[in-house]
>>> print(open('input.cif').read())   # mmCIF, C-alpha atoms (C1' of nucleotides)
data_start
loop_
_atom_site.label_atom_id
_atom_site.label_comp_id
_atom_site.auth_asym_id
_atom_site.auth_seq_id
_atom_site.Cartn_x
_atom_site.Cartn_y
_atom_site.Cartn_z
CA MET B 1 71.48 108.19 83.35
CA THR B 2 72.14 108.34 79.63
CA VAL B 3 74.35 105.93 77.78
CA ALA B 4 76.85 108.70 76.98
CA ALA B 5 77.05 109.79 80.61
CA SER B 6 77.56 106.28 81.89
CA ARG B 7 80.30 105.70 79.35
CA THR B 8 82.04 108.91 80.42
CA LEU B 9 81.78 107.92 84.05
CA ALA B 10 83.16 104.48 83.30
CA ASN B 11 86.05 106.01 81.39
CA ASP B 12 86.72 108.44 84.21
CA THR B 13 86.83 105.59 86.70
CA ALA B 14 89.06 103.53 84.47
CA ALA B 15 91.34 106.50 83.87
CA ARG B 16 91.58 107.20 87.60
CA ILE B 17 92.49 103.57 88.28
CA VAL B 18 95.08 103.56 85.51
CA ALA B 19 96.61 106.83 86.74
CA ALA B 20 96.87 105.57 90.31
CA ALA B 21 98.25 102.21 89.24
CA ASP B 22 100.77 103.85 86.95
CA VAL B 23 102.25 105.94 89.74
CA LEU B 24 102.52 102.96 92.08
CA TYR B 25 103.79 100.49 89.49
CA TYR B 26 106.36 102.88 88.10
CA ALA B 27 107.66 103.91 91.50
CA ARG B 28 107.90 100.48 93.10
CA GLY B 29 107.59 97.83 90.41
CA PHE B 30 104.64 95.75 89.26
CA GLN B 31 104.99 92.76 91.54
CA ALA B 32 105.58 94.92 94.59
CA VAL B 33 102.19 96.61 94.29
CA GLY B 34 99.08 94.56 94.96
CA MET B 35 95.58 95.05 93.67
CA ASP B 36 94.42 96.19 97.10
CA GLU B 37 96.90 99.03 97.12
CA VAL B 38 95.76 100.12 93.67
CA ARG B 39 92.16 99.96 94.86
CA SER B 40 92.99 102.12 97.86
CA ALA B 41 94.98 104.69 95.87
CA ALA B 42 92.28 104.94 93.22
CA GLY B 43 89.56 105.29 95.85
CA VAL B 44 87.44 102.58 94.34
CA SER B 45 85.98 99.30 95.45
CA LEU B 46 87.64 96.01 94.62
CA LYS B 47 84.49 94.99 92.80
CA LYS B 48 84.63 98.06 90.56
CA LEU B 49 88.34 97.54 89.98
CA TYR B 50 87.79 94.00 88.71
CA GLN B 51 84.79 95.20 86.77
CA GLU B 52 86.95 97.63 84.81
CA PHE B 53 90.01 95.35 84.58
CA PRO B 54 89.28 91.66 84.88
CA SER B 55 92.82 90.79 85.96
CA LYS B 56 96.07 92.37 87.01
CA GLU B 57 97.49 91.59 83.60
CA ALA B 58 94.72 93.65 81.97
CA LEU B 59 95.44 96.54 84.32
CA VAL B 60 99.16 96.40 83.63
CA LEU B 61 98.50 96.47 79.89
CA ALA B 62 96.19 99.46 80.29
CA VAL B 63 98.87 101.25 82.31
CA LEU B 64 101.48 100.58 79.63
CA GLU B 65 99.06 101.72 76.96
CA ALA B 66 98.55 105.01 78.80
CA ARG B 67 102.29 105.37 79.32
CA HIS B 68 102.91 104.87 75.63
CA GLU B 69 100.46 107.61 74.75
CA MET B 70 102.03 110.00 77.24
CA TRP B 71 105.46 109.31 75.80
CA GLU B 72 104.26 109.66 72.24
CA SER B 73 102.55 112.97 72.86
CA GLY B 74 105.52 114.28 74.84
CA VAL B 75 107.96 113.47 72.07
CA THR B 76 105.65 114.77 69.39
CA SER B 77 105.19 118.03 71.24
CA ALA B 78 108.92 118.49 71.84
CA VAL B 79 109.75 117.75 68.21
CA SER B 80 107.01 120.01 66.86
CA HIS B 81 108.53 123.08 68.51
CA ALA B 82 111.79 122.66 66.60
CA ALA B 83 112.58 124.75 63.55
CA ASN B 84 113.52 121.81 61.33
CA ALA B 85 113.95 118.04 61.29
CA ARG B 86 117.54 118.18 62.48
CA ASP B 87 116.61 120.25 65.51
CA GLY B 88 113.62 118.01 66.01
CA LEU B 89 115.94 115.04 66.40
CA LEU B 90 117.99 116.93 68.97
CA ALA B 91 114.83 118.03 70.78
CA ILE B 92 114.25 114.39 71.67
CA TYR B 93 117.29 114.48 73.95
CA ASP B 94 116.15 117.71 75.54
CA TYR B 95 112.85 116.06 76.25
CA LEU B 96 114.70 113.15 77.81
CA SER B 97 116.77 115.54 79.91
CA SER B 98 113.72 117.17 81.44
CA TRP B 99 112.16 113.77 82.05
CA PHE B 100 115.32 112.49 83.77
CA SER B 101 115.31 115.55 86.02
CA ASP B 102 111.85 114.67 87.29
CA GLU B 103 112.14 113.42 90.83
CA SER B 104 109.95 110.43 90.12
CA PHE B 105 112.02 109.28 87.12
CA ARG B 106 112.92 105.63 87.43
CA GLY B 107 113.87 104.56 83.92
CA CYS B 108 111.77 103.50 80.96
CA GLY B 109 108.60 101.87 82.21
CA PHE B 110 108.59 99.47 79.28
CA ILE B 111 112.12 98.26 79.91
CA ASN B 112 111.23 97.78 83.55
CA ALA B 113 108.04 95.94 82.63
CA PHE B 114 109.87 93.78 80.13
CA GLY B 115 112.46 92.70 82.67
CA GLU B 116 109.96 92.07 85.42
CA LEU B 117 106.98 90.61 83.59
CA GLY B 118 108.20 89.83 80.08
CA THR B 119 108.47 86.12 80.73
CA VAL B 120 105.38 85.67 82.89
CA PHE B 121 103.15 87.82 80.63
CA PRO B 122 104.10 87.54 76.95
CA SER B 123 101.57 90.28 76.23
CA VAL B 124 103.74 92.67 78.24
CA ALA B 125 106.83 91.73 76.25
CA GLU B 126 104.95 92.34 73.04
CA MET B 127 103.70 95.70 74.23
CA ALA B 128 107.26 96.76 75.07
CA ARG B 129 108.36 95.66 71.63
CA GLU B 130 105.60 97.66 69.97
CA HIS B 131 106.45 100.74 72.01
CA LYS B 132 110.09 100.62 71.00
CA GLU B 133 109.26 99.96 67.37
CA SER B 134 106.95 102.95 67.40
CA PHE B 135 109.77 105.13 68.66
CA GLN B 136 112.10 103.76 66.00
CA ARG B 137 109.55 104.70 63.36
CA ASP B 138 109.23 108.23 64.74
CA VAL B 139 112.99 108.72 64.63
CA ALA B 140 113.21 107.20 61.16
CA ALA B 141 110.59 109.64 59.88
CA LEU B 142 112.55 112.59 61.27
CA VAL B 143 115.79 111.27 59.84
CA ALA B 144 114.17 110.97 56.44
CA ARG B 145 112.81 114.50 56.71
CA ALA B 146 116.30 115.72 57.61
CA GLY B 147 117.60 114.11 54.43
CA ALA B 148 120.06 111.81 56.17
CA ASP B 149 120.74 108.15 55.45
CA ALA B 150 118.23 105.77 57.04
CA SER B 151 120.99 104.02 58.95
CA LEU B 152 121.22 107.08 61.20
CA ALA B 153 117.84 106.37 62.81
CA PRO B 154 118.63 103.22 64.79
CA GLN B 155 121.87 104.82 65.94
CA LEU B 156 120.06 107.85 67.35
CA ALA B 157 117.50 105.57 68.94
CA LEU B 158 120.27 103.59 70.65
CA LEU B 159 121.55 106.78 72.23
CA ALA B 160 118.09 107.57 73.58
CA GLU B 161 117.67 104.04 74.96
CA GLY B 162 121.07 104.06 76.57
CA ALA B 163 120.47 107.47 78.08
CA GLN B 164 117.29 106.23 79.75
CA THR B 165 118.82 103.23 81.47
CA THR B 166 121.98 105.11 82.35
CA ALA B 167 120.01 107.97 83.89
CA ALA B 168 117.87 105.54 85.84
CA ILE B 169 120.72 103.58 87.36
CA SER B 170 123.13 106.46 87.90
CA GLY B 171 120.42 108.74 89.21
CA SER B 172 121.78 111.58 87.13
CA ALA B 173 120.35 113.41 84.13
CA GLU B 174 123.71 114.05 82.51
CA SER B 175 123.39 111.06 80.18
CA ALA B 176 120.90 113.12 78.17
CA ARG B 177 123.63 115.70 77.53
CA HIS B 178 126.06 113.02 76.43
CA ALA B 179 123.46 111.48 74.17
CA ARG B 180 122.67 114.84 72.61
CA ALA B 181 126.33 115.61 72.00
CA ALA B 182 126.86 112.23 70.35
CA ALA B 183 123.71 112.70 68.28
CA GLU B 184 124.98 116.02 66.99
CA VAL B 185 128.19 114.38 65.78
CA LEU B 186 126.31 111.50 64.14
CA ILE B 187 123.81 113.81 62.44
CA GLU B 188 126.54 116.14 61.18
CA ALA B 189 128.49 113.22 59.79
CA ALA B 190 125.41 111.76 58.13
CA LEU B 191 124.39 115.05 56.54
CA ALA B 192 127.94 115.76 55.30
CA ARG B 193 128.09 112.52 53.40
CA MET G 1 138.80 66.82 106.60
CA THR G 2 141.27 69.65 106.46
CA VAL G 3 140.31 73.29 106.73
CA ALA G 4 141.38 73.92 103.15
CA ALA G 5 139.31 71.02 101.85
CA SER G 6 136.21 72.09 103.73
CA ARG G 7 136.58 75.62 102.46
CA THR G 8 136.89 74.35 98.89
CA LEU G 9 133.81 72.23 99.31
CA ALA G 10 131.90 75.16 100.72
CA ASN G 11 132.97 77.32 97.81
CA ASP G 12 132.01 74.64 95.34
CA THR G 13 128.58 74.36 96.90
CA ALA G 14 128.14 78.12 96.95
CA ALA G 15 129.29 78.38 93.35
CA ARG G 16 126.90 75.67 92.27
CA ILE G 17 124.02 77.41 93.99
CA VAL G 18 124.95 80.74 92.46
CA ALA G 19 125.27 79.22 88.98
CA ALA G 20 121.88 77.53 89.23
CA ALA G 21 120.20 80.63 90.64
CA ASP G 22 121.77 82.81 87.97
CA VAL G 23 120.31 80.74 85.15
CA LEU G 24 116.85 80.73 86.71
CA TYR G 25 116.81 84.37 87.77
CA TYR G 26 118.11 85.60 84.45
CA ALA G 27 115.69 83.53 82.41
CA ARG G 28 112.52 84.20 84.38
CA GLY G 29 113.13 87.11 86.74
CA PHE G 30 113.98 87.24 90.41
CA GLN G 31 110.53 87.31 91.92
CA ALA G 32 109.28 84.54 89.65
CA VAL G 33 111.83 82.05 91.01
CA GLY G 34 111.46 80.81 94.56
CA MET G 35 114.09 79.50 96.91
CA ASP G 36 112.73 75.99 96.56
CA GLU G 37 113.29 76.00 92.83
CA VAL G 38 116.85 77.19 93.34
CA ARG G 39 117.37 74.46 95.89
CA SER G 40 116.09 71.86 93.48
CA ALA G 41 118.15 73.10 90.53
CA ALA G 42 121.30 73.28 92.64
CA GLY G 43 120.69 69.80 94.06
CA VAL G 44 121.14 70.94 97.62
CA SER G 45 119.09 70.92 100.77
CA LEU G 46 117.18 73.97 101.92
CA LYS G 47 119.22 73.95 105.09
CA LYS G 48 122.48 74.10 103.19
CA LEU G 49 121.11 76.79 100.91
CA TYR G 50 120.27 79.03 103.87
CA GLN G 51 123.56 78.12 105.46
CA GLU G 52 125.46 79.52 102.46
CA PHE G 53 123.11 82.44 101.81
CA PRO G 54 121.12 83.60 104.82
CA SER G 55 118.44 85.25 102.71
CA LYS G 56 117.22 85.59 99.16
CA GLU G 57 118.66 89.09 99.09
CA ALA G 58 122.12 87.67 99.87
CA LEU G 59 121.74 85.10 97.11
CA VAL G 60 120.65 87.71 94.60
CA LEU G 61 123.66 89.86 95.48
CA ALA G 62 125.98 86.88 95.05
CA VAL G 63 124.43 86.14 91.66
CA LEU G 64 124.93 89.74 90.56
CA GLU G 65 128.49 89.67 91.83
CA ALA G 66 129.21 86.58 89.74
CA ARG G 67 127.50 88.13 86.73
CA HIS G 68 129.65 91.22 87.08
CA GLU G 69 132.81 89.15 87.09
CA MET G 70 131.71 87.20 84.01
CA TRP G 71 130.96 90.43 82.18
CA GLU G 72 134.21 92.03 83.25
CA SER G 73 136.32 89.07 82.15
CA GLY G 74 134.42 88.78 78.88
CA VAL G 75 134.98 92.41 77.99
CA THR G 76 138.59 92.34 79.11
CA SER G 77 139.25 89.27 76.99
CA ALA G 78 137.56 90.74 73.91
CA VAL G 79 139.44 94.00 74.27
CA SER G 80 142.79 92.35 74.87
CA HIS G 81 142.70 90.62 71.49
CA ALA G 82 142.52 93.94 69.66
CA ALA G 83 145.58 95.47 68.03
CA ASN G 84 145.14 98.88 69.62
CA ALA G 85 142.90 100.94 71.87
CA ARG G 86 140.65 102.08 69.03
CA ASP G 87 140.01 98.51 67.92
CA GLY G 88 139.61 97.56 71.55
CA LEU G 89 136.70 99.99 71.85
CA LEU G 90 135.08 98.50 68.78
CA ALA G 91 135.68 94.99 70.08
CA ILE G 92 133.22 95.77 72.87
CA TYR G 93 130.40 95.87 70.34
CA ASP G 94 131.52 92.62 68.76
CA TYR G 95 131.43 91.08 72.20
CA LEU G 96 127.91 92.43 72.66
CA SER G 97 126.90 91.02 69.29
CA SER G 98 127.95 87.50 70.19
CA TRP G 99 126.22 87.82 73.57
CA PHE G 100 122.99 89.02 71.93
CA SER G 101 123.07 86.04 69.61
CA ASP G 102 123.07 83.65 72.54
CA GLU G 103 119.69 81.99 72.75
CA SER G 104 119.41 82.68 76.46
CA PHE G 105 120.09 86.41 76.11
CA ARG G 106 117.45 88.44 77.90
CA GLY G 107 119.03 91.86 78.37
CA CYS G 108 121.42 93.19 80.96
CA GLY G 109 120.90 91.36 84.22
CA PHE G 110 121.68 94.49 86.20
CA ILE G 111 119.11 96.61 84.39
CA ASN G 112 116.57 93.85 84.93
CA ALA G 113 117.50 93.57 88.60
CA PHE G 114 117.37 97.32 89.04
CA GLY G 115 113.87 97.54 87.59
CA GLU G 116 112.55 94.58 89.51
CA LEU G 117 114.28 94.85 92.88
CA GLY G 118 115.88 98.29 92.94
CA THR G 119 113.23 99.77 95.18
CA VAL G 120 112.68 96.79 97.48
CA PHE G 121 116.40 96.05 97.91
CA PRO G 122 118.53 99.22 97.85
CA SER G 123 121.61 96.99 97.88
CA VAL G 124 120.60 95.71 94.45
CA ALA G 125 120.26 99.23 93.09
CA GLU G 126 123.70 100.08 94.44
CA MET G 127 125.20 96.97 92.89
CA ALA G 128 123.75 97.89 89.50
CA ARG G 129 125.18 101.38 89.89
CA GLU G 130 128.62 100.00 90.72
CA HIS G 131 128.52 97.63 87.76
CA LYS G 132 127.69 100.42 85.33
CA GLU G 133 130.30 102.73 86.83
CA SER G 134 132.89 100.00 86.46
CA PHE G 135 132.04 99.70 82.76
CA GLN G 136 132.25 103.46 82.34
CA ARG G 137 135.73 103.38 83.87
CA ASP G 138 136.83 100.59 81.53
CA VAL G 139 135.65 102.53 78.50
CA ALA G 140 137.22 105.74 79.79
CA ALA G 141 140.58 103.99 80.17
CA LEU G 142 140.43 102.74 76.58
CA VAL G 143 139.40 106.17 75.30
CA ALA G 144 142.36 107.71 77.10
CA ARG G 145 144.70 105.10 75.65
CA ALA G 146 143.31 105.84 72.19
CA GLY G 147 144.18 109.50 72.71
CA ALA G 148 140.63 110.78 72.31
CA ASP G 149 138.83 113.38 74.39
CA ALA G 150 137.37 112.03 77.63
CA SER G 151 133.88 113.09 76.60
CA LEU G 152 133.87 110.24 74.07
CA ALA G 153 133.71 107.60 76.80
CA PRO G 154 130.19 108.19 78.13
CA GLN G 155 128.93 108.46 74.56
CA LEU G 156 130.34 105.06 73.64
CA ALA G 157 128.96 103.61 76.85
CA LEU G 158 125.48 104.93 75.98
CA LEU G 159 125.62 103.07 72.70
CA ALA G 160 126.47 99.84 74.50
CA GLU G 161 123.67 100.33 77.04
CA GLY G 162 121.15 101.14 74.37
CA ALA G 163 122.20 98.16 72.30
CA GLN G 164 121.59 95.84 75.25
CA THR G 165 118.05 96.95 75.97
CA THR G 166 117.18 97.22 72.30
CA ALA G 167 118.47 93.73 71.60
CA ALA G 168 116.57 92.34 74.57
CA ILE G 169 113.23 93.84 73.66
CA SER G 170 113.48 93.45 69.89
CA GLY G 171 114.90 89.95 70.14
CA SER G 172 117.42 90.80 67.47
CA ALA G 173 121.20 91.15 67.62
CA GLU G 174 121.38 93.84 64.96
CA SER G 175 121.51 96.66 67.50
CA ALA G 176 125.14 95.66 68.14
CA ARG G 177 125.93 96.40 64.49
CA HIS G 178 124.24 99.78 64.68
CA ALA G 179 126.07 100.59 67.89
CA ARG G 180 129.38 99.62 66.36
CA ALA G 181 128.78 101.72 63.27
CA ALA G 182 127.87 104.74 65.38
CA ALA G 183 130.90 104.17 67.58
CA GLU G 184 133.19 104.19 64.56
CA VAL G 185 131.84 107.57 63.51
CA LEU G 186 132.17 109.02 67.02
CA ILE G 187 135.70 107.68 67.48
CA GLU G 188 136.82 108.96 64.07
CA ALA G 189 135.38 112.38 64.80
CA ALA G 190 137.01 112.48 68.25
CA LEU G 191 140.42 111.43 66.92
CA ALA G 192 140.27 113.92 64.03
CA ARG G 193 139.77 116.84 66.37
"C1'" DT O 1 55.68 101.84 99.40
"C1'" DG O 2 57.56 97.53 98.14
"C1'" DA O 3 60.05 94.35 95.16
"C1'" DC O 4 64.20 94.16 92.79
"C1'" DT O 5 68.86 95.51 91.38
"C1'" DT O 6 73.26 97.55 92.12
"C1'" DT O 7 77.08 98.85 94.85
"C1'" DG O 8 80.69 99.15 98.32
"C1'" DA O 9 83.35 97.36 102.13
"C1'" DG O 10 85.85 93.90 103.31
"C1'" DA O 11 85.97 88.91 104.66
"C1'" DA O 12 87.35 84.68 102.66
"C1'" DC O 13 89.90 81.45 99.78
"C1'" DG O 14 93.50 79.05 97.61
"C1'" DA O 15 98.03 79.41 96.11
"C1'" DA O 16 102.84 80.76 96.47
"C1'" DC O 17 106.69 82.44 98.85
"C1'" DG O 18 110.60 83.19 102.30
"C1'" DT O 19 112.03 81.23 106.25
"C1'" DT O 20 112.21 78.08 110.21
"C1'" DC O 21 111.40 73.68 112.53
"C1'" DT O 22 111.06 68.66 113.07
"C1'" DC O 23 112.43 64.24 112.59
"C1'" DT O 24 115.10 60.69 111.15
"C1'" DA O 25 119.17 58.34 109.35
"C1'" DG O 26 123.91 58.29 109.05
"C1'" DA O 27 128.52 59.79 110.63
"C1'" DT O 28 131.74 60.63 114.37
"C1'" DT O 29 134.05 59.99 118.56
"C1'" DG O 30 135.44 58.15 123.04
"C1'" DC E 1 129.00 49.79 121.22
"C1'" DA E 2 126.84 53.80 122.92
"C1'" DA E 3 126.32 58.60 123.02
"C1'" DT E 4 126.43 62.64 120.46
"C1'" DC E 5 126.51 65.44 116.51
"C1'" DT E 6 125.42 66.53 111.65
"C1'" DA E 7 122.81 66.95 107.56
"C1'" DG E 8 119.05 66.06 104.45
"C1'" DA E 9 114.19 65.88 103.32
"C1'" DG E 10 110.40 68.17 103.58
"C1'" DA E 11 106.54 69.62 106.75
"C1'" DA E 12 105.08 73.73 108.84
"C1'" DC E 13 104.42 78.71 109.70
"C1'" DG E 14 103.23 83.26 108.85
"C1'" DT E 15 102.57 86.44 105.33
"C1'" DT E 16 101.20 88.28 100.93
"C1'" DC E 17 98.70 88.24 96.80
"C1'" DG E 18 95.17 87.71 93.05
"C1'" DT E 19 90.63 86.77 92.89
"C1'" DT E 20 85.95 85.68 94.47
"C1'" DC E 21 82.13 85.77 97.75
"C1'" DT E 22 79.02 87.63 101.37
"C1'" DC E 23 76.04 90.75 103.10
"C1'" DA E 24 74.01 94.78 104.16
"C1'" DA E 25 73.01 99.52 102.57
"C1'" DA E 26 71.54 102.50 98.86
"C1'" DG E 27 69.25 103.25 94.64
"C1'" DT E 28 65.60 102.37 91.05
"C1'" DC E 29 61.21 101.89 89.27
"C1'" DA E 30 56.28 100.27 88.90
#
>>> encode(input="input.cif", output="structure tokens")
Amino acid sequence: MTVAASRTLANDTAARIVAAADVLYYARGFQAVGMDEVRSAAGVSLKKLYQEFPSKEALVLAVLEARHEMWESGVTSAVSHAANARDGLLAIYDYLSSWFSDESFRGCGFINAFGELGTVFPSVAEMAREHKESFQRDVAALVARAGADASLAPQLALLAEGAQTTAAISGSAESARHARAAAEVLIEAALAR
Amino acid sequence: MTVAASRTLANDTAARIVAAADVLYYARGFQAVGMDEVRSAAGVSLKKLYQEFPSKEALVLAVLEARHEMWESGVTSAVSHAANARDGLLAIYDYLSSWFSDESFRGCGFINAFGELGTVFPSVAEMAREHKESFQRDVAALVARAGADASLAPQLALLAEGAQTTAAISGSAESARHARAAAEVLIEAALAR
DNA sequence: TGACTTTGAGAACGAACGTTCTCTAGATTG
DNA sequence: CAATCTAGAGAACGTTCGTTCTCAAAGTCA
């Protein structure tokens, strides 16, 4: 077996483990899902699992990393289909709306991870912080492109954050509509100034 | 010992247990704190602990109940010192700001509980839902008193929710300022219509 | 083929947790 | 005082979990 092939195989295995763990962790919480259940869902031996991820903490971090990339590419894709920066900002809330409508939606995985593991694994808290900062930067870039004052960005981000937790707890996707409506008012006011 | 005295004693004991558990649960998470640690912090025997709360689930629910009442009275007090309904709405964000500045602040306890225990204890998920609905009603009542359209209420609530999670993860209280600034714009726009 | 390495299945281990049980010392009551 | 009840301290129990270890089967290569 060539080096390239073995690396691909290893990545495939790791990706399969991460995908299985992500579904379980997100649906039921990190502490409620044991390594043995991940092993079973991923169809892999416990030895291989610990070979790819030397501890549960490492696996959790890999899952969050993958989740961050999924989020980032989802937002980027939604924004890129908009005609201009203003519509791009609003597209974020449409993206949220479709996410909230997904049957498996259970809030922001990073907020959940922060609350559950933030104190026991500081690395998890830091990863959540990085994820949120990354989103803030994305919004700030769009706000700048739209020609609005920079203070608009954290306000729009707050609406997105609030919509996520509200949708999770209420079980309804309507918070995305409310967030979008509020964002429209804030953007209009910022552009009129 | 009279019936009244024994009831008071029982309530004192229960309140002490709840207060100790609240501090521990909020600071470190529910699953990270065992019954024995609660027992030790409350200075009570394990037998008495289980006599007051027959299970950890019951204790968690009592802690959330107490947290809800603290939140409710804090908001009510902050709002009541405002000159009018509009200022009352803004006072909510000032209240959040002072809460975020507290060293022990670690996000909304209900959001944390929902993420950590929502799937294993449906009663916890329902309690979080009730808490958030209660807040929505409070905001809606203020919005009505201010004479603004009812659609403003969920928008203002989203800002408050977003500020809480953002403050928790970022470790900064500035999200309360951003939320307040956005709320001012939304309220002004709603009243001008 | 035959020696050696790798792998998978799952048993095993040590720790932690929620909950219950035991035992003893002190309080209560007739 | 003697008999009975209560309550506290913590041992014990059964389970779960993260992690490691065992052992036999399969694969590799000279």
>>> interface_residues(input="input.cif", of="chain G", to="chain E", cutoff="12 Å", atoms="all atoms listed in the file", output="list of chain:residue names")
G:Asp36, G:Arg39, G:Ser40, G:Gly43, G:Val44, G:Ser45, G:Leu46, G:Lys47, G:Lys48, G:Leu49, G:Gln51
>>> closest_atom_pairs(input="input.cif", of="chain G", to="chain B", cutoff="8 Å", atoms="only C-alpha atoms", output="tab-separated table")
residue	atom	partner	partner_atom	distance
G:Ala27	CA	B:Thr119	CA	7.9
G:Arg28	CA	B:Thr119	CA	5.8
G:Gly29	CA	B:Glu116	CA	6.0
G:Gln31	CA	B:Gln31	CA	7.8
G:Ala32	CA	B:Val120	CA	7.9
G:Gly107	CA	B:Gly115	CA	7.9
G:Ile111	CA	B:Thr165	CA	7.2
G:Asn112	CA	B:Gly115	CA	4.8
G:Ala113	CA	B:Gly115	CA	7.8
G:Phe114	CA	B:Ile169	CA	7.3
G:Gly115	CA	B:Asn112	CA	4.8
G:Glu116	CA	B:Glu116	CA	5.5
G:Leu117	CA	B:Gly29	CA	7.7
G:Thr119	CA	B:Arg28	CA	5.8
G:Val120	CA	B:Arg28	CA	7.5
G:Ala125	CA	B:Ile169	CA	7.2
G:Ala128	CA	B:Ile169	CA	6.8
G:Arg129	CA	B:Ile169	CA	5.6
G:Lys132	CA	B:Ile169	CA	7.9
G:Ser151	CA	B:His178	CA	7.8
G:Pro154	CA	B:His178	CA	6.6
G:Gln155	CA	B:His178	CA	5.7
G:Ala157	CA	B:Gly162	CA	7.9
G:Leu158	CA	B:Gly162	CA	4.5
G:Leu159	CA	B:Leu159	CA	5.5
G:Ala160	CA	B:Gly162	CA	7.2
G:Glu161	CA	B:Gly162	CA	4.6
G:Gly162	CA	B:Gly162	CA	3.7
G:Ala163	CA	B:Leu158	CA	6.0
G:Thr165	CA	B:Glu161	CA	7.2
G:Thr166	CA	B:Leu158	CA	7.3
G:Ile169	CA	B:Arg129	CA	5.6
G:Ser170	CA	B:Arg129	CA	5.8
G:Ser175	CA	B:Pro154	CA	7.7
G:His178	CA	B:Gln155	CA	5.7
G:Ala179	CA	B:Gln155	CA	6.3
G:Ala182	CA	B:Gln155	CA	6.0
G:Val185	CA	B:Leu186	CA	6.8
G:Leu186	CA	B:Val185	CA	6.8
G:Ala189	CA	B:Val185	CA	7.5
>>> resolve_selection(input="input.cif", expression="the PyMOL selection byres ((chain G) within 9 of (chain O))", output="list in words")
Gly34, Met35, Tyr50, Ser55 and Lys56 of chain G
>>> write_last_selection(input="input.cif", atoms="C-alpha atoms", output="mmCIF file, in the frame of the given file")
data_model
loop_
_atom_site.group_PDB
_atom_site.id
_atom_site.type_symbol
_atom_site.label_atom_id
_atom_site.label_comp_id
_atom_site.auth_asym_id
_atom_site.auth_seq_id
_atom_site.Cartn_x
_atom_site.Cartn_y
_atom_site.Cartn_z
ATOM 1 C CA GLY G 34 111.460 80.810 94.560
ATOM 2 C CA MET G 35 114.090 79.500 96.910
ATOM 3 C CA TYR G 50 120.270 79.030 103.870
ATOM 4 C CA SER G 55 118.440 85.250 102.710
ATOM 5 C CA LYS G 56 117.220 85.590 99.160
#
>>> atom_distance(input="input.cif", atom1="CA of Phe135 (chain B)", atom2="CA of Glu72 (chain B)")
8.0 Å
>>> resolve_selection(input="input.cif", expression="the PyMOL selection byres ((chain B and resi 147-149) around 10)", output="number ranges by chain")
B: 85-86, 140-146, 150-153, 187-193
>>> atom_distance(input="input.cif", atom1="CA of Met70 (chain B)", atom2="CA of Ala173 (chain B)")
19.9 Å
>>> atom_distance(input="input.cif", atom1="CA of Ala21 (chain B)", atom2="CA of Val63 (chain B)")
7.0 Å
>>> axis_aligned_box(input="input.cif", around="region 110-127 of chain B", padding_each_side="6 Å", output="AutoDock Vina command-line options")
--center_x 107.0 --center_y 92.6 --center_z 79.2 --size_x 22.9 --size_y 25.8 --size_z 24.4
